[in-house]
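K.L.:
The structure follows.
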Amino acid sequence: MSQTADDPLSVRLKELEENRISPLDLVPRRNLVEKLIELVLVGPPAAPDRLASSFEEMAAALRGVDTSHLRVAVFGGGSGLSNVIGGDSRNPAWPADPFQGIKELFPNTSAIVCVTDDGGSTGELMKDLPIIALGDIRHVLLSSIREKNLSETYRLSSEECRQTAAILHSLFNVRFSSRPSSVNDLLGGCLSLSGLPLRMAGELFSLLDALFGDPRLLPLLNRPHCLGNLLLVAAVYRTVGQGKNVSPSDLLAGINRLAKLIGAREGGVLPCTTTPAHLRVLYSNGVVASGESKTATARRNTAVDRVFVEFADEPAVPREVFDAVSSADIIVFAPGSLYTSIIPIMQVPGLAQAVRENQHALKILIANLWIQKGETDLVLEDPHRRFYVSDLINAYQRNIPGGVSDLFDHLLVMGMQDIPGSILQSYAVEDKVPIYLDRGKVWRMGFAPVEARIFSESALKIRKVQHDPVALAKAIKIIMAVRDHIPREAMTKLPPAYQVTHSVRGDRLTLDRRRNLFGGYLQKWDLDSGIKNQLEDIFWRHTDIGLDHLQNVAGLLPVKREQWLRSMRWDSVFSYYDPVDCLIKIREDALRDPVAFECAFLVALGQSLLGDYAARKEMLPVEQGGAVVGKIYRLTLEPEESRRCFFSTDELARFLRMVRMNQAENNNLLYTRLISGSEGFTPPGMLMGLIYAWYLDSRYASNIEYKMAIARIPMTGLVREQVRMLNRRMDTIEFFRKVVFGHTSPVFEEQLPLTD
């Protein structure tokens, strides 16, 4: 059979004859940079000797690229930043390989650390000291230790350097829960300091001794702490005179003092700001939750809209931070919690712009591995689908002033296809789901995704998936070496960006000063120490509670069960606010369970905001044809001039309308509510308390959570009552956000710019 030149078979044969196959096509990755990373991390594929030799030469050339002169700035917080710098220094296995990561390939690295954490030992420090969060700084300081520095400073052998790192790891990570009596008692859970270089051991002992001699630091010993945090605090306060506040220069001097002492690069670990800061999260239903530790555990069942940093004063940024960013040849955004790691740093005034103005640096975002409950388990744009890498970018776009333009060009993503399916399935059983790369969408957004085997092989052997600091550092090195060969699309698919402005507390209170004010208030109440301590913990956890919320409360009174006379007809809440004696009264058995006590107290505290607003409450039957068909609840308000209430008259009227009380036309003090025979009813005072507790923690009022769930239901517009109900719920949330909890900063009201 004869064939013409344009028949399908001839066309296909001609294409095959003209096709040229590159040797790199044998490397199983999508693009050039991914293939080169694969060559270095995995090794060359099976190939003829000539090609295998070329592959080996290429890999050797990449490994031989000198990066020791390059300057690197890495942003992040917690384990993610520590792991990128030199391995997760809280990991028990870290001492086995302490000298790895970016710090080894790029010795001129500066870590710029987030300082909004308020949990764990860090939070305990902030109860007593007006200082930034130090826990992540301590974490990164330890991971920044270099063998070269230890060797040159203390003339140690390689083995002695490893021994020193192991002792420091033990010292920095040991925790105590009861007050130690001496330095030796404090060191009881550590490896012996005698294995350290003599000068290092002496200075560390001196810092620990200061904890027992400095009256400002003595209270710290009464709380559970990580010893590394106490060392850092002692180093900071060493040169601060009694009665003086810690200045920005004092803070940096203390960090650098400890860094130099333990063998980290002096000036290599920097706080993003020296001003104490607090995190606030705005959820898509309008609720604002405050505090990083609280938002990390919050389960609001709704997507995060935006996060904001609130500073205790006008934020100050060390000059060294701006210098590190402007001079950097490589800028890296480390993986970590989406809303509590990179975003708070980029909201510090001037930092995002400083990154943009550095036009010569390679800028890389290392994508997170796992969906995180309470943060990335729900997508704002579509709560019914899973979270992808493009959603990470959108979240940064929404929350960083000016968006992500010129912040990073490349995304380094772990190749999940290289992880055995059985391991991913075991993670799924634990409800841990990967954040997969949606490559096409990320590419169209204007970023170059790089997918690579940057997971830890050793961790994989024990069925754990985590970033490998060595592989990460090598991948960054290769991207830098071939950056000019990586194509990039123009940004075209990003949503509009907010122009987020920073917020400063009107009262300029640091967390320790706020705690002291609440403690002073509790001193006026006749309480035993156990209840007082529980209340202090409640006020610490819920920083949205204002001191003025206590204005109508004279104390707390436990009531024995047999003396509990309050009707339980409408609810099962074992607490109430008594406007007669201004006491919060809690049934005694609720005191035995901290969770039950907290719930009961919050409900009653919410009720107390209404004060003595009610002059009379009545429930009257409604009859029709001789039969009782329902009830009418009549609420007569106390006259304004004699009323003791947190709310103004207009605010009180607004609240009563929200809870469906109807004001009489001829008597503005009279409100009524008609209740059908089968309809349940929650009085306004109880509703105030329940919504107050729900707003602070949705676990404490499941019935309110059920009512508010309508905010998560797509509106069809077909049922007008459903729309009216939604509007009432959203109005209620706005009332509590603005009026009750005072979140009136313009940052919460900012609207997206109009688009074409």
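Note on naming: chains are A, B, ... as they come in the structure tokens, residues start from 1 per chain, ligands start from 1 in the order shown.
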Mind listing the strand (DSSP E) residues of region 149-341 of chain A, per DSSP on the backbone, as a PyMOL selection string?

P.N.:
chain A and resi 175-176+225-226+269-271+277-283+288-290+304-311+330-333

K.L.:
Would you write out those residues with N, CA and C atoms, as an mmCIF file, in the first residue's frame?

P.N.:
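Final file, out_14.cif:
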data_model
loop_
_atom_site.group_PDB
_atom_site.id
_atom_site.type_symbol
_atom_site.label_atom_id
_atom_site.label_comp_id
_atom_site.auth_asym_id
_atom_site.auth_seq_id
_atom_site.Cartn_x
_atom_site.Cartn_y
_atom_site.Cartn_z
ATOM 1 N N ARG A 175 12.486 21.258 80.988
ATOM 2 C CA ARG A 175 11.390 22.037 81.557
ATOM 3 C C ARG A 175 11.203 21.660 83.017
ATOM 4 N N PHE A 176 10.759 22.617 83.804
ATOM 5 C CA PHE A 176 10.461 22.331 85.204
ATOM 6 C C PHE A 176 9.077 22.878 85.529
ATOM 7 N N HIS A 225 8.494 26.447 83.176
ATOM 8 C CA HIS A 225 9.287 27.109 82.141
ATOM 9 C C HIS A 225 10.216 26.145 81.425
ATOM 10 N N CYS A 226 10.596 26.560 80.223
ATOM 11 C CA CYS A 226 11.678 25.940 79.480
ATOM 12 C C CYS A 226 12.960 26.681 79.882
ATOM 13 N N VAL A 269 20.334 35.931 64.604
ATOM 14 C CA VAL A 269 18.951 35.687 65.008
ATOM 15 C C VAL A 269 18.372 37.011 65.479
ATOM 16 N N LEU A 270 17.319 37.469 64.792
ATOM 17 C CA LEU A 270 16.772 38.797 65.044
ATOM 18 C C LEU A 270 15.255 38.725 65.228
ATOM 19 N N PRO A 271 14.704 39.445 66.202
ATOM 20 C CA PRO A 271 13.243 39.545 66.291
ATOM 21 C C PRO A 271 12.731 40.484 65.203
ATOM 22 N N ALA A 277 3.714 42.285 70.914
ATOM 23 C CA ALA A 277 2.629 42.244 69.935
ATOM 24 C C ALA A 277 1.696 41.080 70.240
ATOM 25 N N HIS A 278 0.466 41.217 69.777
ATOM 26 C CA HIS A 278 -0.590 40.251 70.067
ATOM 27 C C HIS A 278 -1.335 39.975 68.766
ATOM 28 N N LEU A 279 -1.734 38.729 68.562
ATOM 29 C CA LEU A 279 -2.389 38.350 67.315
ATOM 30 C C LEU A 279 -3.902 38.360 67.483
ATOM 31 N N ARG A 280 -4.604 38.855 66.460
ATOM 32 C CA ARG A 280 -6.062 38.795 66.431
ATOM 33 C C ARG A 280 -6.489 38.168 65.110
ATOM 34 N N VAL A 281 -7.442 37.244 65.187
ATOM 35 C CA VAL A 281 -7.919 36.532 64.005
ATOM 36 C C VAL A 281 -9.380 36.886 63.763
ATOM 37 N N LEU A 282 -9.681 37.317 62.549
ATOM 38 C CA LEU A 282 -11.051 37.617 62.136
ATOM 39 C C LEU A 282 -11.559 36.451 61.305
ATOM 40 N N TYR A 283 -12.608 35.797 61.797
ATOM 41 C CA TYR A 283 -13.201 34.678 61.061
ATOM 42 C C TYR A 283 -14.250 35.195 60.084
ATOM 43 N N VAL A 288 -13.983 37.845 66.207
ATOM 44 C CA VAL A 288 -12.553 38.091 66.368
ATOM 45 C C VAL A 288 -12.067 37.309 67.586
ATOM 46 N N ALA A 289 -11.024 36.507 67.405
ATOM 47 C CA ALA A 289 -10.397 35.784 68.514
ATOM 48 C C ALA A 289 -8.993 36.336 68.705
ATOM 49 N N SER A 290 -8.586 36.494 69.950
ATOM 50 C CA SER A 290 -7.307 37.142 70.249
ATOM 51 C C SER A 290 -6.341 36.184 70.924
ATOM 52 N N VAL A 304 -10.940 31.163 58.344
ATOM 53 C CA VAL A 304 -10.258 32.396 58.732
ATOM 54 C C VAL A 304 -10.345 33.373 57.568
ATOM 55 N N ASP A 305 -10.756 34.595 57.871
ATOM 56 C CA ASP A 305 -10.778 35.644 56.852
ATOM 57 C C ASP A 305 -9.415 36.336 56.824
ATOM 58 N N ARG A 306 -9.081 37.021 57.922
ATOM 59 C CA ARG A 306 -7.795 37.721 57.987
ATOM 60 C C ARG A 306 -7.250 37.661 59.409
ATOM 61 N N VAL A 307 -5.963 37.932 59.535
ATOM 62 C CA VAL A 307 -5.335 38.058 60.848
ATOM 63 C C VAL A 307 -4.672 39.429 60.942
ATOM 64 N N PHE A 308 -4.561 39.915 62.168
ATOM 65 C CA PHE A 308 -3.976 41.232 62.400
ATOM 66 C C PHE A 308 -3.059 41.170 63.608
ATOM 67 N N VAL A 309 -2.019 41.962 63.555
ATOM 68 C CA VAL A 309 -1.126 42.096 64.704
ATOM 69 C C VAL A 309 -1.470 43.406 65.404
ATOM 70 N N GLU A 310 -1.688 43.306 66.708
ATOM 71 C CA GLU A 310 -1.915 44.501 67.513
ATOM 72 C C GLU A 310 -0.697 44.708 68.402
ATOM 73 N N PHE A 311 -0.112 45.878 68.328
ATOM 74 C CA PHE A 311 1.109 46.182 69.071
ATOM 75 C C PHE A 311 0.777 46.943 70.350
ATOM 76 N N ILE A 330 19.509 36.023 48.967
ATOM 77 C CA ILE A 330 18.406 35.059 48.961
ATOM 78 C C ILE A 330 17.486 35.394 50.138
ATOM 79 N N ILE A 331 16.194 35.442 49.872
ATOM 80 C CA ILE A 331 15.191 35.650 50.918
ATOM 81 C C ILE A 331 14.289 34.420 50.929
ATOM 82 N N VAL A 332 14.166 33.800 52.094
ATOM 83 C CA VAL A 332 13.396 32.557 52.224
ATOM 84 C C VAL A 332 12.277 32.759 53.238
ATOM 85 N N PHE A 333 11.082 32.315 52.873
ATOM 86 C CA PHE A 333 9.954 32.272 53.799
ATOM 87 C C PHE A 333 9.800 30.823 54.243
#

K.L.:
Of the residues A:Asp484, A:Asn108, A:Glu598, A:Pro315, which is the one nearest to Arg541 (chain A), using only C-alpha atoms?

P.N.:
A:Glu598

K.L.:
Which residues are close to Asp438 (chain A), i.e. within 10 Å by only C-alpha atoms, leaving aside same-chain residues fewer than 4 positions away? Reply as a list in words.

P.N.:
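In the requested format, the answer is Phe387, Tyr388, Val389, Ser390, Asp391, Val442, Trp443 and Pro449 of chain A.
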
K.L.:
Can you list, as a PyMOL selection string, every protein, DNA or RNA residue that comes within 12 Å of Gly243 (chain A) when you count only C-alpha atoms, leaving out same-chain residues fewer than 4 positions away?

P.N.:
chain A and resi 214-216+237

K.L.:
Please extract the residues of region 239-373 of chain A with a backbone DSSP assignment of alpha helix (DSSP H) and present them as a PyMOL selection string.

P.N.:
chain A and resi 248-262+292-297+319-327+342-346+351-357

K.L.:
For the residues in the current selection, export N, CA and C atoms as a short mmCIF file (atom, residue, chain, number, x, y, z; two decimals), in the first residue's frame.

P.N.:
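Saved the output as again-v3.cif:
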data_model
loop_
_atom_site.label_atom_id
_atom_site.label_comp_id
_atom_site.auth_asym_id
_atom_site.auth_seq_id
_atom_site.Cartn_x
_atom_site.Cartn_y
_atom_site.Cartn_z
N PRO A 248 15.10 48.39 73.03
CA PRO A 248 15.43 47.55 71.87
C PRO A 248 16.90 47.14 71.82
N SER A 249 17.79 48.06 72.19
CA SER A 249 19.22 47.72 72.16
C SER A 249 19.55 46.69 73.24
N ASP A 250 18.90 46.79 74.41
CA ASP A 250 19.10 45.79 75.46
C ASP A 250 18.68 44.40 74.96
N LEU A 251 17.54 44.36 74.29
CA LEU A 251 17.01 43.09 73.81
C LEU A 251 17.96 42.44 72.81
N LEU A 252 18.42 43.23 71.83
CA LEU A 252 19.34 42.68 70.83
C LEU A 252 20.68 42.30 71.45
N ALA A 253 21.14 43.10 72.39
CA ALA A 253 22.42 42.79 73.05
C ALA A 253 22.33 41.47 73.80
N GLY A 254 21.20 41.23 74.46
CA GLY A 254 21.03 39.97 75.19
C GLY A 254 20.99 38.77 74.26
N ILE A 255 20.25 38.89 73.15
CA ILE A 255 20.18 37.80 72.17
C ILE A 255 21.56 37.51 71.60
N ASN A 256 22.29 38.58 71.25
CA ASN A 256 23.62 38.40 70.67
C ASN A 256 24.61 37.84 71.69
N ARG A 257 24.45 38.24 72.94
CA ARG A 257 25.34 37.74 74.00
C ARG A 257 25.21 36.22 74.11
N LEU A 258 23.96 35.74 74.13
CA LEU A 258 23.75 34.30 74.25
C LEU A 258 24.16 33.58 72.97
N ALA A 259 23.89 34.20 71.80
CA ALA A 259 24.27 33.59 70.53
C ALA A 259 25.78 33.36 70.47
N LYS A 260 26.53 34.38 70.78
CA LYS A 260 27.99 34.26 70.74
C LYS A 260 28.49 33.22 71.72
N LEU A 261 27.86 33.17 72.89
CA LEU A 261 28.29 32.25 73.94
C LEU A 261 28.13 30.79 73.51
N ILE A 262 27.04 30.46 72.81
CA ILE A 262 26.76 29.06 72.49
C ILE A 262 27.26 28.65 71.10
N GLU A 292 -2.36 34.15 69.96
CA GLU A 292 -1.92 33.08 69.07
C GLU A 292 -2.22 31.71 69.65
N SER A 293 -1.98 31.52 70.94
CA SER A 293 -2.22 30.19 71.53
C SER A 293 -3.70 29.85 71.51
N LYS A 294 -4.55 30.84 71.66
CA LYS A 294 -5.99 30.59 71.64
C LYS A 294 -6.47 30.29 70.22
N THR A 295 -6.00 31.06 69.27
CA THR A 295 -6.45 30.84 67.90
C THR A 295 -5.91 29.53 67.35
N ALA A 296 -4.77 29.08 67.87
CA ALA A 296 -4.21 27.82 67.40
C ALA A 296 -5.08 26.64 67.79
N THR A 297 -5.83 26.78 68.88
CA THR A 297 -6.68 25.68 69.34
C THR A 297 -8.16 25.95 69.09
N ARG A 319 17.24 48.13 63.21
CA ARG A 319 17.93 48.49 61.97
C ARG A 319 18.60 47.27 61.35
N GLU A 320 19.07 46.35 62.21
CA GLU A 320 19.74 45.15 61.72
C GLU A 320 18.82 44.29 60.87
N VAL A 321 17.52 44.33 61.15
CA VAL A 321 16.56 43.56 60.35
C VAL A 321 16.46 44.13 58.95
N PHE A 322 16.31 45.44 58.85
CA PHE A 322 16.24 46.06 57.52
C PHE A 322 17.55 45.86 56.76
N ASP A 323 18.68 45.94 57.46
CA ASP A 323 19.97 45.71 56.80
C ASP A 323 20.05 44.28 56.25
N ALA A 324 19.60 43.31 57.04
CA ALA A 324 19.65 41.91 56.60
C ALA A 324 18.79 41.69 55.37
N VAL A 325 17.62 42.34 55.33
CA VAL A 325 16.71 42.17 54.18
C VAL A 325 17.27 42.86 52.95
N SER A 326 17.73 44.08 53.10
CA SER A 326 18.18 44.86 51.93
C SER A 326 19.45 44.28 51.31
N SER A 327 20.29 43.64 52.13
CA SER A 327 21.56 43.12 51.61
C SER A 327 21.47 41.65 51.20
N ILE A 342 4.51 33.65 59.06
CA ILE A 342 5.00 34.65 58.10
C ILE A 342 4.15 35.91 58.13
N ILE A 343 2.82 35.75 58.16
CA ILE A 343 1.93 36.91 58.05
C ILE A 343 2.18 37.94 59.16
N PRO A 344 2.29 37.53 60.44
CA PRO A 344 2.56 38.55 61.46
C PRO A 344 3.86 39.32 61.23
N ILE A 345 4.87 38.64 60.68
CA ILE A 345 6.13 39.35 60.40
C ILE A 345 5.91 40.38 59.31
N MET A 346 5.21 39.98 58.25
CA MET A 346 5.02 40.88 57.13
C MET A 346 4.06 42.02 57.44
N LEU A 351 8.38 46.01 56.73
CA LEU A 351 9.11 44.80 56.37
C LEU A 351 8.72 44.27 54.99
N ALA A 352 7.42 44.23 54.70
CA ALA A 352 7.01 43.75 53.38
C ALA A 352 7.59 44.65 52.29
N GLN A 353 7.57 45.95 52.52
CA GLN A 353 8.11 46.88 51.53
C GLN A 353 9.61 46.71 51.38
N ALA A 354 10.30 46.42 52.48
CA ALA A 354 11.75 46.20 52.41
C ALA A 354 12.07 44.99 51.55
N VAL A 355 11.26 43.93 51.65
CA VAL A 355 11.46 42.75 50.80
C VAL A 355 11.24 43.12 49.34
N ARG A 356 10.18 43.89 49.07
CA ARG A 356 9.89 44.28 47.68
C ARG A 356 11.02 45.12 47.08
N GLU A 357 11.59 45.98 47.90
CA GLU A 357 12.61 46.89 47.39
C GLU A 357 13.93 46.18 47.09
#
